[in-house]
Structure formats: structure tokens, C-alpha cells
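**Q** Pasting structure_29.cif below, which is mmCIF, C-alpha atoms.
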data_upload
loop_
_atom_site.label_atom_id
_atom_site.label_comp_id
_atom_site.auth_asym_id
_atom_site.auth_seq_id
_atom_site.Cartn_x
_atom_site.Cartn_y
_atom_site.Cartn_z
CA MET A 6 -13.49 29.08 -36.26
CA THR A 7 -10.57 27.77 -34.25
CA THR A 8 -7.00 27.81 -35.47
CA SER A 9 -4.90 24.63 -35.42
CA HIS A 10 -2.87 26.06 -32.48
CA GLU A 11 -6.05 26.61 -30.44
CA SER A 12 -7.23 23.13 -31.33
CA GLU A 13 -3.90 21.66 -30.21
CA ASN A 14 -4.18 23.60 -26.96
CA ALA A 15 -7.71 22.33 -26.37
CA GLU A 16 -6.62 18.76 -27.07
CA TYR A 17 -3.71 19.24 -24.67
CA LEU A 18 -6.16 20.44 -22.00
CA SER A 19 -8.28 17.31 -22.49
CA ALA A 20 -5.20 15.05 -22.11
CA LEU A 21 -4.05 17.09 -19.11
CA PHE A 22 -7.43 16.53 -17.45
CA ASP A 23 -6.90 12.78 -17.86
CA GLY A 24 -3.35 12.96 -16.46
CA GLU A 25 -2.03 11.85 -19.86
CA SER A 26 0.02 14.91 -20.74
CA SER A 27 3.78 14.53 -20.93
CA GLN A 28 4.48 18.27 -20.61
CA THR A 29 5.94 19.27 -17.28
CA GLU A 30 6.01 23.09 -17.29
CA LYS A 31 3.99 24.97 -14.68
CA LEU A 32 0.30 25.26 -15.48
CA SER A 33 -1.24 28.59 -16.27
CA LEU A 34 -4.98 28.14 -16.62
CA SER A 35 -7.06 30.98 -18.01
CA ALA A 36 -10.68 31.47 -16.91
CA GLU A 37 -11.74 29.94 -20.22
CA HIS A 38 -9.53 26.87 -19.63
CA LYS A 39 -10.97 26.43 -16.14
CA GLN A 40 -14.51 26.58 -17.50
CA THR A 41 -13.62 23.93 -20.10
CA LEU A 42 -12.13 21.67 -17.42
CA LYS A 43 -15.25 22.12 -15.26
CA ASN A 44 -17.38 21.07 -18.23
CA TYR A 45 -15.18 18.00 -18.77
CA SER A 46 -15.64 17.14 -15.09
CA LEU A 47 -19.42 17.51 -15.43
CA ILE A 48 -19.44 15.26 -18.52
CA GLY A 49 -17.53 12.52 -16.69
CA ALA A 50 -19.71 12.78 -13.57
CA ALA A 51 -22.90 12.68 -15.67
CA LEU A 52 -21.73 9.59 -17.58
CA ARG A 53 -20.91 7.83 -14.30
CA ASN A 54 -24.20 9.01 -12.81
CA GLU A 55 -22.36 10.84 -10.04
CA LEU A 56 -23.82 14.31 -10.40
CA PRO A 57 -25.21 15.71 -7.16
CA ARG A 58 -28.74 17.17 -7.27
CA LYS A 59 -27.37 20.68 -7.43
CA VAL A 60 -24.00 21.53 -8.91
CA ASP A 61 -21.94 24.39 -7.53
CA MET A 62 -19.86 25.61 -10.48
CA SER A 63 -17.79 27.90 -8.24
CA PHE A 64 -16.72 25.22 -5.74
CA SER A 65 -13.17 24.79 -7.03
CA ASP A 66 -12.72 28.59 -7.18
CA SER A 67 -13.76 28.87 -3.55
CA VAL A 68 -11.31 26.11 -2.51
CA MET A 69 -8.46 27.80 -4.40
CA ASN A 70 -9.42 31.23 -3.01
CA THR A 71 -9.30 29.86 0.55
CA ILE A 72 -5.87 28.32 -0.12
CA ALA A 73 -4.61 31.66 -1.47
CA LYS A 74 -6.30 33.85 1.16
CA GLU A 75 -5.15 31.78 4.15
CA LYS A 76 -1.73 31.23 2.56
CA ILE A 77 -2.04 27.48 3.01
CA VAL A 78 1.03 25.58 1.89
CA PRO A 79 1.66 21.85 1.78
CA GLU A 80 3.28 20.57 4.96
CA LEU A 81 6.84 19.36 4.64
CA LYS A 82 7.39 15.65 4.73
CA ILE A 83 8.59 14.71 8.23
CA ILE A 84 11.59 12.39 8.18
CA PRO A 85 12.00 10.86 11.68
CA VAL A 86 15.50 11.19 13.19
CA PRO A 87 16.66 7.78 14.48
CA THR A 88 17.05 7.74 18.31
CA TYR A 89 19.57 5.68 20.33
CA LYS A 90 16.77 3.32 21.40
CA PHE A 91 15.63 2.92 17.79
CA VAL A 92 19.17 2.16 16.55
CA PHE A 93 19.79 -0.28 19.44
CA ARG A 94 16.54 -2.11 18.69
CA LYS A 95 17.46 -2.31 15.00
CA VAL A 96 20.96 -3.69 15.75
CA ALA A 97 19.64 -6.14 18.38
CA THR A 98 17.04 -7.40 15.94
CA ALA A 99 19.67 -7.86 13.24
CA VAL A 100 22.02 -9.72 15.61
CA ALA A 101 19.21 -11.97 16.87
CA GLN A 102 18.21 -12.74 13.31
CA MET A 103 21.81 -13.55 12.35
CA ALA A 104 22.21 -15.82 15.40
CA MET A 105 19.04 -17.68 14.51
CA VAL A 106 20.14 -18.10 10.92
CA ALA A 107 23.60 -19.33 12.04
CA SER A 108 22.04 -21.86 14.47
CA VAL A 109 19.73 -23.20 11.83
CA ALA A 110 22.62 -23.44 9.35
CA ALA A 111 24.85 -25.26 11.89
CA VAL A 112 22.12 -27.75 12.78
CA THR A 113 21.46 -28.32 9.09
CA VAL A 114 25.15 -28.92 8.27
CA ILE A 115 25.71 -31.27 11.23
CA GLY A 116 22.47 -33.09 10.51
CA TYR A 117 23.37 -33.47 6.86
CA GLN A 118 26.88 -34.75 7.67
CA THR A 119 25.55 -37.26 10.19
CA PHE A 120 22.89 -38.43 7.78
CA THR A 121 25.26 -38.90 4.85
CA ALA A 122 28.29 -40.22 6.79
CA ASP A 123 29.61 -43.74 5.88
CA SER A 124 28.88 -46.27 8.68
CA SER A 125 32.47 -47.67 8.49
CA VAL A 126 33.81 -44.18 9.19
CA ILE A 127 31.62 -43.95 12.27
CA GLN A 128 32.90 -47.35 13.48
CA GLU A 129 36.47 -46.31 12.83
CA SER A 130 35.93 -43.11 14.73
CA ALA A 131 34.47 -45.05 17.63
CA SER A 132 37.43 -47.42 17.83
CA ASN A 133 39.81 -44.45 17.59
CA ALA A 134 37.95 -42.86 20.46
CA LEU A 135 38.57 -46.02 22.47
CA GLY A 136 42.23 -46.04 21.51
CA PRO A 137 45.18 -46.72 23.82
CA VAL A 138 45.36 -44.64 26.94
CA ASP A 139 48.60 -44.49 28.86
CA GLY A 140 49.87 -47.51 26.94
CA VAL A 141 46.86 -49.67 27.76
CA ASN A 142 44.29 -50.44 25.12
CA LEU A 143 40.73 -51.05 26.21
CA ALA A 144 40.48 -53.34 23.21
CA SER A 145 42.63 -55.80 25.14
CA TYR A 146 39.57 -56.33 27.37
CA GLN A 147 37.31 -56.73 24.35
CA THR A 148 37.76 -60.39 23.56
CA SER A 149 35.94 -62.29 20.89
CA SER A 150 33.71 -65.16 21.97
CA GLN A 151 36.37 -67.60 20.66
CA ALA A 152 39.11 -65.96 22.70
CA SER A 153 36.80 -65.79 25.65
CA ASN A 154 36.16 -69.52 25.38
CA LYS A 155 39.87 -70.08 25.15
CA ILE A 156 40.44 -68.24 28.36
CA ASN A 157 37.60 -70.10 29.95
CA LEU A 158 39.05 -73.42 28.68
CA SER A 159 42.53 -72.66 29.89
CA THR A 160 41.06 -71.68 33.21
CA ASP A 161 39.23 -74.97 33.43
CA GLU A 162 42.37 -76.99 32.47
CA ASP A 163 44.62 -75.24 34.96
CA LYS A 164 42.04 -75.10 37.70
CA ALA A 165 43.23 -78.17 39.50
CA GLU A 166 46.91 -77.24 39.17
CA ASN A 167 46.29 -73.67 40.30
CA ALA A 168 44.25 -74.90 43.19
CA VAL A 169 47.25 -76.72 44.33
CA LYS A 170 49.79 -74.01 43.63
CA LEU A 171 47.90 -70.96 44.79
CA ASN A 172 46.09 -70.65 47.96
CA SER A 173 42.97 -68.57 48.20
CA SER A 174 44.70 -65.43 49.49
CA GLU A 175 46.95 -65.26 46.43
CA LEU A 176 43.95 -65.64 44.18
CA LYS A 177 42.24 -62.73 45.91
CA LYS A 178 45.42 -60.69 45.54
CA GLN A 179 45.51 -61.37 41.81
CA GLN A 180 41.85 -60.42 41.45
CA ALA A 181 42.40 -57.18 43.35
CA LEU A 182 45.37 -56.34 41.12
CA GLU A 183 43.29 -57.02 38.02
CA VAL A 184 40.45 -54.77 39.27
CA GLU A 185 42.92 -52.02 40.07
CA ARG A 186 44.46 -52.34 36.61
CA ILE A 187 41.02 -51.93 35.00
CA ASN A 188 40.18 -48.97 37.25
CA ASN A 189 43.48 -47.32 36.37
CA TYR A 190 42.73 -47.76 32.69
CA ILE A 191 39.27 -46.23 33.02
CA ARG A 192 40.58 -43.35 35.16
CA GLY A 193 43.29 -42.67 32.57
CA TYR A 194 40.77 -42.77 29.74
CA VAL A 195 38.46 -40.28 31.48
CA VAL A 196 41.31 -37.89 32.31
CA SER A 197 42.68 -38.16 28.78
CA THR A 198 39.25 -37.49 27.22
CA ALA A 199 38.58 -34.55 29.56
CA SER A 200 41.97 -32.99 28.80
CA ASN A 201 41.26 -33.27 25.06
CA MET B 24 -20.48 2.72 4.01
CA GLY B 25 -19.49 3.39 0.40
CA SER B 26 -16.43 2.12 -1.40
CA VAL B 27 -13.83 3.43 -3.77
CA ASN B 28 -14.80 3.07 -7.42
CA GLU B 29 -12.34 0.44 -8.64
CA ASN B 30 -12.65 1.77 -12.19
CA PHE B 31 -10.53 4.70 -11.14
CA LYS B 32 -7.52 2.51 -10.39
CA ALA B 33 -6.23 3.15 -13.88
CA SER B 34 -6.62 6.89 -13.61
CA ASN B 35 -3.24 8.48 -14.05
CA ASP B 36 -3.06 11.37 -11.59
CA GLU B 37 0.50 10.86 -10.37
CA ALA B 38 1.84 13.33 -12.93
CA ILE B 39 -0.59 16.02 -11.76
CA VAL B 40 0.12 15.31 -8.07
CA LYS B 41 3.85 15.55 -8.76
CA ARG B 42 3.28 19.00 -10.24
CA VAL B 43 1.46 20.04 -7.04
CA GLN B 44 4.27 18.63 -4.87
CA GLU B 45 6.71 20.70 -6.90
CA GLY B 46 4.75 23.84 -6.06
CA ASP B 47 2.31 24.13 -8.98
CA VAL B 48 -0.87 25.36 -7.23
CA GLU B 49 -2.84 25.52 -10.49
CA ALA B 50 -2.34 21.79 -10.88
CA TYR B 51 -4.21 21.32 -7.60
CA ASN B 52 -7.10 23.34 -9.04
CA LEU B 53 -7.24 20.72 -11.79
CA LEU B 54 -7.56 17.93 -9.19
CA VAL B 55 -10.30 19.80 -7.32
CA ILE B 56 -12.26 20.31 -10.56
CA LYS B 57 -11.75 16.68 -11.51
CA TYR B 58 -12.86 15.10 -8.23
CA GLN B 59 -15.30 17.58 -6.70
CA HIS B 60 -18.42 15.69 -7.84
CA LYS B 61 -17.14 12.32 -6.63
CA ILE B 62 -16.18 13.79 -3.27
CA PHE B 63 -19.58 15.51 -2.94
CA GLN B 64 -21.20 12.13 -3.52
CA VAL B 65 -19.00 10.37 -0.93
CA ILE B 66 -19.62 13.02 1.72
CA GLY B 67 -23.33 13.03 0.86
CA LYS B 68 -23.50 9.47 2.22
CA PHE B 69 -22.54 10.76 5.67
CA VAL B 70 -23.92 14.29 5.69
CA ASN B 71 -27.48 15.14 4.64
CA ASN B 72 -27.44 18.90 4.60
CA GLN B 73 -26.35 20.23 1.16
CA ALA B 74 -24.64 23.29 2.63
CA ASP B 75 -22.70 21.09 5.06
CA ILE B 76 -21.64 18.78 2.20
CA ALA B 77 -19.97 21.72 0.43
CA ASP B 78 -18.26 22.85 3.66
CA VAL B 79 -16.99 19.35 4.49
CA ALA B 80 -15.83 18.84 0.88
CA GLN B 81 -13.91 22.12 1.00
CA GLU B 82 -12.31 21.11 4.31
CA ALA B 83 -11.35 17.73 2.85
CA PHE B 84 -9.73 19.30 -0.23
CA ILE B 85 -7.78 21.76 1.93
CA LYS B 86 -6.62 18.95 4.26
CA ALA B 87 -5.50 16.97 1.21
CA TYR B 88 -3.60 19.99 -0.12
CA ARG B 89 -1.80 20.45 3.21
CA ALA B 90 -0.86 16.74 3.26
CA ILE B 91 -0.05 16.41 -0.45
CA ASN B 92 3.66 15.77 0.25
CA SER B 93 2.75 12.66 2.23
CA PHE B 94 1.06 11.12 -0.84
CA ARG B 95 3.43 8.40 -2.00
CA ALA B 96 1.44 6.84 -4.85
CA ASP B 97 1.04 3.55 -2.92
CA SER B 98 -2.60 3.87 -3.92
CA SER B 99 -4.32 6.06 -6.51
CA PHE B 100 -4.76 9.74 -5.69
CA TYR B 101 -8.54 9.28 -5.58
CA THR B 102 -8.28 6.44 -3.01
CA TRP B 103 -6.09 8.68 -0.85
CA LEU B 104 -8.47 11.64 -1.24
CA TYR B 105 -11.46 9.39 -0.55
CA ARG B 106 -10.00 8.38 2.84
CA ILE B 107 -9.44 12.02 3.78
CA ALA B 108 -13.01 12.91 2.72
CA VAL B 109 -14.55 10.06 4.73
CA ASN B 110 -12.51 10.94 7.84
CA THR B 111 -13.44 14.61 7.52
CA ALA B 112 -17.13 13.70 7.16
CA LYS B 113 -16.97 11.42 10.23
CA THR B 114 -15.25 14.12 12.30
CA HIS B 115 -17.93 16.58 11.17
CA LEU B 116 -20.68 14.16 12.23
CA GLU B 117 -19.10 13.59 15.65
CA SER B 118 -18.71 17.30 16.37
CA ASN B 119 -22.22 17.92 15.06
CA ASN B 120 -23.68 15.30 17.40
CA LYS B 121 -21.91 16.90 20.34
CA THR B 122 -23.29 20.36 19.60
CA ARG B 123 -26.75 19.33 18.37
CA ASN B 124 -28.25 19.46 21.87
CA HIS B 125 -27.07 23.02 22.29
CA LEU B 126 -28.45 24.38 19.00
CA ASP B 127 -31.32 26.81 18.93
CA VAL B 128 -33.80 25.79 16.22
CA ASP B 129 -35.09 29.36 16.05
CA SER B 130 -31.66 30.69 15.19
CA PRO B 131 -31.13 32.52 11.85
CA GLU B 132 -28.94 29.61 10.73
CA PHE B 133 -31.96 27.29 10.67
CA GLN B 134 -34.19 29.93 9.10
CA SER B 135 -31.91 30.16 6.06
CA ILE B 136 -32.20 26.50 5.08
CA ASP B 137 -34.85 25.78 2.46
CA GLU B 138 -37.15 22.78 2.25
CA GLN B 139 -34.59 20.79 0.21
CA GLY B 140 -31.87 21.30 2.79
CA VAL B 141 -30.02 23.75 0.53
CA LEU B 142 -28.71 26.85 2.17
CA ALA B 143 -30.85 29.71 0.93
CA SER B 144 -27.84 31.90 0.45
CA SER B 145 -27.65 34.77 -1.99
CA ASP B 146 -23.89 34.37 -2.41
CA THR B 147 -23.77 32.83 -5.88
CA PRO B 148 -27.25 31.61 -6.84
CA ASP B 149 -26.50 31.76 -10.58
CA ARG B 150 -23.54 29.41 -10.14
CA ILE B 151 -25.70 26.62 -8.71
CA ILE B 152 -27.36 24.61 -11.47
CA GLU B 153 -29.90 21.81 -11.47
CA SER B 154 -28.08 18.67 -12.49
CA GLN B 155 -31.07 16.63 -13.69
CA GLU B 156 -31.60 18.62 -16.91
CA LEU B 157 -27.88 18.90 -17.49
CA GLN B 158 -27.47 15.14 -17.23
CA GLN B 159 -30.21 14.68 -19.83
CA VAL B 160 -28.47 17.09 -22.22
CA ILE B 161 -25.21 15.13 -21.84
CA ILE B 162 -26.93 11.76 -22.36
CA ASP B 163 -28.71 13.09 -25.47
CA ALA B 164 -25.41 14.41 -26.82
CA MET B 165 -23.82 10.99 -26.24
CA ALA B 166 -26.57 9.39 -28.32
CA ASP B 167 -25.77 11.75 -31.22
CA LEU B 168 -22.03 11.06 -31.10
CA PRO B 169 -20.40 8.89 -33.78
CA THR B 170 -19.78 5.38 -32.36
CA GLU B 171 -15.99 5.70 -32.34
CA LEU B 172 -16.18 8.86 -30.24
CA SER B 173 -18.84 7.61 -27.79
CA GLU B 174 -16.84 4.39 -27.39
CA ALA B 175 -13.67 6.35 -26.59
CA ILE B 176 -15.29 8.69 -24.04
CA THR B 177 -17.11 5.77 -22.35
CA LEU B 178 -13.92 3.73 -21.98
CA ARG B 179 -12.20 6.74 -20.48
CA GLU B 180 -14.87 8.20 -18.20
CA VAL B 181 -16.90 5.14 -17.23
CA GLU B 182 -14.30 2.37 -17.35
CA GLY B 183 -11.45 4.63 -16.23
CA MET B 184 -9.00 3.18 -18.77
CA SER B 185 -5.67 4.80 -19.54
CA TYR B 186 -4.92 6.02 -23.08
CA GLU B 187 -2.39 3.21 -23.44
CA ASP B 188 -4.91 0.50 -22.55
CA MET B 189 -7.51 2.10 -24.81
CA ALA B 190 -5.04 2.08 -27.71
CA VAL B 191 -4.70 -1.67 -27.24
CA VAL B 192 -8.44 -2.28 -26.91
CA LEU B 193 -9.41 -0.04 -29.84
CA LYS B 194 -6.36 -1.07 -31.91
CA VAL B 195 -5.46 2.53 -32.76
CA PRO B 196 -2.44 4.71 -31.92
CA ILE B 197 -2.45 6.66 -28.62
CA GLY B 198 -2.65 9.93 -30.61
CA THR B 199 -5.94 8.78 -32.13
CA VAL B 200 -7.29 7.89 -28.68
CA ARG B 201 -6.37 11.34 -27.41
CA SER B 202 -8.01 13.01 -30.41
CA ARG B 203 -11.23 10.96 -30.16
CA ILE B 204 -11.68 11.71 -26.47
CA PHE B 205 -11.11 15.41 -27.11
CA ARG B 206 -13.58 15.51 -30.02
CA ALA B 207 -16.23 13.70 -27.97
CA ARG B 208 -15.82 16.17 -25.10
CA GLN B 209 -15.88 19.12 -27.49
CA PHE B 210 -19.12 17.90 -29.07
CA ILE B 211 -20.85 17.39 -25.70
CA GLU B 212 -19.55 20.70 -24.38
CA GLN B 213 -21.10 22.56 -27.33
CA ARG B 214 -24.48 21.03 -26.46
CA MET B 215 -24.01 22.04 -22.82
CA THR B 216 -23.25 25.62 -23.83
CA LYS B 217 -26.46 25.72 -25.89
CA PHE B 218 -28.38 24.42 -22.87
CA ALA B 219 -26.88 27.07 -20.61
CA LYS B 220 -27.94 29.82 -23.03
#
Mind converting the file's structure to C-alpha cells?
**A**
Amino acid sequence: MTTSHESENAEYLSALFDGESSQTEKLSLSAEHKQTLKNYSLIGAALRNELPRKVDMSFSDSVMNTIAKEKIVPELKIIPVPTYKFVFRKVATAVAQMAMVASVAAVTVIGYQTFTADSSVIQESASNALGPVDGVNLASYQTSSQASNKINLSTDEDKAENAVKLNSSELKKQQALEVERINNYIRGYVVSTASN
Amino acid sequence: MGSVNENFKASNDEAIVKRVQEGDVEAYNLLVIKYQHKIFQVIGKFVNNQADIADVAQEAFIKAYRAINSFRADSSFYTWLYRIAVNTAKTHLESNNKTRNHLDVDSPEFQSIDEQGVLASSDTPDRIIESQELQQVIIDAMADLPTELSEAITLREVEGMSYEDMAVVLKVPIGTVRSRIFRARQFIEQRMTKFAK
């Protein structure tokens, strides 16, 4: 007849075999305990149809004897020491990743701003960009069709008078001055834009 | 060739392995006892000779013990042990193939192997038992078990369920699960002892 303490111990051994014991103190298995555990192992193997043709009941003893006799101990976990090359590679990878993320973010922000920007703002910006340079505004050369017609009309009306007043050399002189004025404006605009 | 029994995923060996990692050698004995039959079966798929199976299994368990600190519970302990056993068996086969051409079939080593491939050694003949009859005794004992006990031991040993999962399935407290499994094992063990006598 078994006492309740022995029964508790046996139940503990069964739970221990299943890895379901919460106790953490070092194990001390008697020969009787080991035999019981071997029987439990046989029961499980038989139910799963895993029993080999012949069963060596002393196998675990021989493994444990070899471990004890040859003083085999578990190898220590090797923690690799980081080398200069390893650290450099890690840092370079991190920097490259950050650069990629920053590029993508910048493209996204600019793309989003361009996409959502008000068209009037864009037009305003464009006219600002073509603002006065060295006191001359390019807009003065951007005439509406009405104004353009006016100029053309006035040119037609005064043609005869001018033909009388100005000879051809003066006309050429005026044209050359006008071209130079335009060139000066463009040159000033380019220099001003480049300096900005 | 062969695969890990998925039923053993739920097997909770981490606590036992942790004990071994903390220096409890007896806890490793428990793991050897628990998995020796499965490992014999795995190695038996690569190695035919019964004596070689035992040697390779012993080598695999010793390798696993040496490397126990590298076990990180990414997989179950059995999956980890299974890989070691398969690698050890393959290495054994490779080295065996290399030396096969140089073996002398008239050597005493070959003379000591019986017709079943079992080493006719006189080391521990009484410790080697025929499993066929033993399996029958266990199956008969299972048939005589009360349903609640046979159900509990089947869920644990065949399905590989944890006590917690079993408590949910059987709708009983974990303490009852623990007790039923123990009583089932105790009953079957008594029948085994009678058979041995």
C-alpha cells in the first residue's frame, strides 16, 4: 500500500516526464524512479507504435555513464566579438538605409506639394520669376494681342511720315539699339538668376 | 527520408532543457529516457544494423548534450534532437561507405552478429527485451482502462497535447488531467510488471 506522500511523488514524476512540473529544484532520481520513467517511455512508444523490435532497457544508463566517465560537459555558448569590418558594414548599411528613406520621403513630399498646389500660385510664382531685372521688366515685351495690334496700327499710320523723316540708316540704328536692349535684359536676367 | 512527428509540437520540454542548461545532469537522463525509442526509430531508417543503431543513437545523444546550450527553443527540443540524430546517422553512413571496401568479412566483428543483425553480445542480454509481446500487454491494458483514463493517456501520448489544452478539451481542471494521466500510467505499469515476472 502506498502512502499519500508516495502517491504525490509518483504523480509528480508523471508530470515531470511530460514537462508539466512547475518545481525547479535539481532532480535526484532514484533507481526506482528511473525504472518508472523508462516504463512511462515504453508506454508512450507502444501507444504511438514506435517501439523498436528489441528494446534496450539500459540504453539511457549507458549514455549517462559515458557522459560521466568521459567528463563531457555542455559547450559554452559562443558569442561572436564584433570586428571592425563587421561594425563598419553595419554602420554603412544603416547609413545607406537612412539615405534611401530620406530620398523617398523628399520625393514624396515634393510630389505631394506639386500635386496639391493651387494653379494660381504656380502662375504667380512664374510671373515673379520673370520679374524686373535691373529695372527692366520682361513683361514690357509681353504685349496682349490688342496692344500688339495697336503698335502695328500706329506703325502703319506713321509709316509714310517716318519714311520721310528717317532714312534707312537711322531705322537700322534704332533696330540695332532695340536688339541690344533686349539682349541686355536677357543677359541681366540670366546673371541675376545664376547669382540667386 | 522521415519527418518530425508534428504531434510533438505541443510537448513541453523547455522546462527540462532549462534544467540541463543550468547544470542538472539528471534532467538530461529524463530526456534520454523520454526520446530514446523515437531516436532509435529515426536512426533505424538510415542504419540497418541494430548494434550500429544503438551506437549512433548514443553518439547523437552525447552530441546533443554537448550542444545543449545552443538550443534556443526556436523549435521543439525533439525537432532539434531529430536533426542531430539524422546528421549523425548520415555521417555514420558516409564513413561506413568509405571503410566498407577495407573490411574483412571473416573478422570477429562480423562473426558476432546474429541472423537478425543484432550484436550477439553477452554484455547485458537480460536488459534487451522483445517489444512485440510488451506492446500487446500495453494494448490489452489500455482496453481494460476506464474510458476517462484511456482518453487522457491517448490525448497526451498519441496526440501530444499539453495538460492545459487537455483541460480545455476534457472540460476538467489541470489537476484532474494530471491525476488521470498518472493513474492510467500506473495501471499499465502494473500490467507490465506482471508480464516481466
**Q** Go through the shown structure with the PyMOL selection byres ((chain B) within 8 of (chain A)) and write out the matching residues as an MDAnalysis selection string.
**A** chainID B and resid 34:39 42 44 47 49:50 52:53 55:61 63:64 77 81 84:85 88:93 150:155 158 161:162 177 180:181 185:186 201:202 204:205 208 211:212
**Q** Could you please determine the separation between CA of Arg214 (chain B) and CA of Leu172 (chain B) in Å, to one decimal place?
**A**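 Going from CA of Arg214 (chain B) over to CA of Leu172 (chain B), I get 15.2 Å.
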**Q** Quick one, how far is CA of Val65 (chain B) from CA of Ile176 (chain B)?
**A** 23.5 Å
**Q** Between B:Val70, B:Val109, B:Ala175, B:Val48, which one has atoms that come closest to Lys194 (chain B), using all atoms listed in the file?
**A**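 Between B:Val70, B:Val109, B:Ala175, B:Val48, the residue approaching Lys194 (chain B) most closely is B:Ala175.
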**Q** Please write as a list in words the full residue list that the PyMOL selection byres ((chain B and resi 106) around 12) yields on this file.
**A**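 So the PyMOL selection byres ((chain B and resi 106) around 12) ends up selecting Met24, Gly25, Ser26, Val27, Ile62, Val65, Ile66, Ala83, Phe84, Lys86, Ala87, Phe94, Ser98, Ser99, Phe100, Tyr101, Thr102, Trp103, Leu104, Tyr105, Ile107, Ala108, Val109, Asn110, Thr111, Ala112 and Lys113 of chain B.
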**Q** Provide the CA of Val160 (chain B) to CA of Phe218 (chain B) distance in Å, to one decimal place.
**A** 7.4 Å
**Q** Taking N, CA, C and O atoms as the atom set, what does region 55-70 of chain B look like once completed, written as an mmCIF file, in the frame of the given file?
**A**
data_model
loop_
_atom_site.group_PDB
_atom_site.id
_atom_site.type_symbol
_atom_site.label_atom_id
_atom_site.label_comp_id
_atom_site.auth_asym_id
_atom_site.auth_seq_id
_atom_site.Cartn_x
_atom_site.Cartn_y
_atom_site.Cartn_z
ATOM 1 N N VAL B 55 -9.035 19.440 -7.993
ATOM 2 C CA VAL B 55 -10.300 19.800 -7.320
ATOM 3 C C VAL B 55 -11.447 19.729 -8.327
ATOM 4 O O VAL B 55 -12.498 19.134 -8.058
ATOM 5 N N ILE B 56 -11.214 20.319 -9.506
ATOM 6 C CA ILE B 56 -12.260 20.310 -10.560
ATOM 7 C C ILE B 56 -12.596 18.858 -10.931
ATOM 8 O O ILE B 56 -13.764 18.495 -11.058
ATOM 9 N N LYS B 57 -11.572 18.064 -11.055
ATOM 10 C CA LYS B 57 -11.750 16.680 -11.510
ATOM 11 C C LYS B 57 -12.542 15.831 -10.510
ATOM 12 O O LYS B 57 -13.365 15.003 -10.902
ATOM 13 N N TYR B 58 -12.271 16.012 -9.208
ATOM 14 C CA TYR B 58 -12.860 15.100 -8.230
ATOM 15 C C TYR B 58 -13.962 15.701 -7.360
ATOM 16 O O TYR B 58 -14.492 15.006 -6.487
ATOM 17 N N GLN B 59 -14.330 16.957 -7.586
ATOM 18 C CA GLN B 59 -15.300 17.580 -6.700
ATOM 19 C C GLN B 59 -16.639 16.811 -6.667
ATOM 20 O O GLN B 59 -17.217 16.624 -5.600
ATOM 21 N N HIS B 60 -17.108 16.356 -7.814
ATOM 22 C CA HIS B 60 -18.420 15.690 -7.840
ATOM 23 C C HIS B 60 -18.371 14.346 -7.123
ATOM 24 O O HIS B 60 -19.304 13.993 -6.394
ATOM 25 N N LYS B 61 -17.273 13.614 -7.306
ATOM 26 C CA LYS B 61 -17.140 12.320 -6.630
ATOM 27 C C LYS B 61 -17.074 12.521 -5.111
ATOM 28 O O LYS B 61 -17.676 11.765 -4.353
ATOM 29 N N ILE B 62 -16.330 13.536 -4.703
ATOM 30 C CA ILE B 62 -16.180 13.790 -3.270
ATOM 31 C C ILE B 62 -17.509 14.275 -2.658
ATOM 32 O O ILE B 62 -17.862 13.887 -1.541
ATOM 33 N N PHE B 63 -18.250 15.082 -3.413
ATOM 34 C CA PHE B 63 -19.580 15.510 -2.940
ATOM 35 C C PHE B 63 -20.459 14.278 -2.704
ATOM 36 O O PHE B 63 -21.194 14.206 -1.720
ATOM 37 N N GLN B 64 -20.373 13.328 -3.623
ATOM 38 C CA GLN B 64 -21.200 12.130 -3.520
ATOM 39 C C GLN B 64 -20.801 11.285 -2.302
ATOM 40 O O GLN B 64 -21.660 10.797 -1.581
ATOM 41 N N VAL B 65 -19.497 11.156 -2.088
ATOM 42 C CA VAL B 65 -19.000 10.370 -0.930
ATOM 43 C C VAL B 65 -19.462 11.015 0.363
ATOM 44 O O VAL B 65 -20.018 10.344 1.250
ATOM 45 N N ILE B 66 -19.260 12.325 0.476
ATOM 46 C CA ILE B 66 -19.620 13.020 1.720
ATOM 47 C C ILE B 66 -21.143 13.015 1.910
ATOM 48 O O ILE B 66 -21.637 12.923 3.037
ATOM 49 N N GLY B 67 -21.869 13.054 0.803
ATOM 50 C CA GLY B 67 -23.330 13.030 0.860
ATOM 51 C C GLY B 67 -23.883 11.758 1.507
ATOM 52 O O GLY B 67 -25.033 11.729 1.948
ATOM 53 N N LYS B 68 -23.063 10.707 1.574
ATOM 54 C CA LYS B 68 -23.500 9.470 2.220
ATOM 55 C C LYS B 68 -23.438 9.584 3.744
ATOM 56 O O LYS B 68 -24.033 8.787 4.450
ATOM 57 N N PHE B 69 -22.669 10.555 4.219
ATOM 58 C CA PHE B 69 -22.540 10.760 5.670
ATOM 59 C C PHE B 69 -23.333 11.977 6.139
ATOM 60 O O PHE B 69 -23.865 11.982 7.228
ATOM 61 N N VAL B 70 -23.337 13.008 5.307
ATOM 62 C CA VAL B 70 -23.920 14.290 5.690
ATOM 63 C C VAL B 70 -25.141 14.570 4.809
ATOM 64 O O VAL B 70 -25.043 14.454 3.583
#
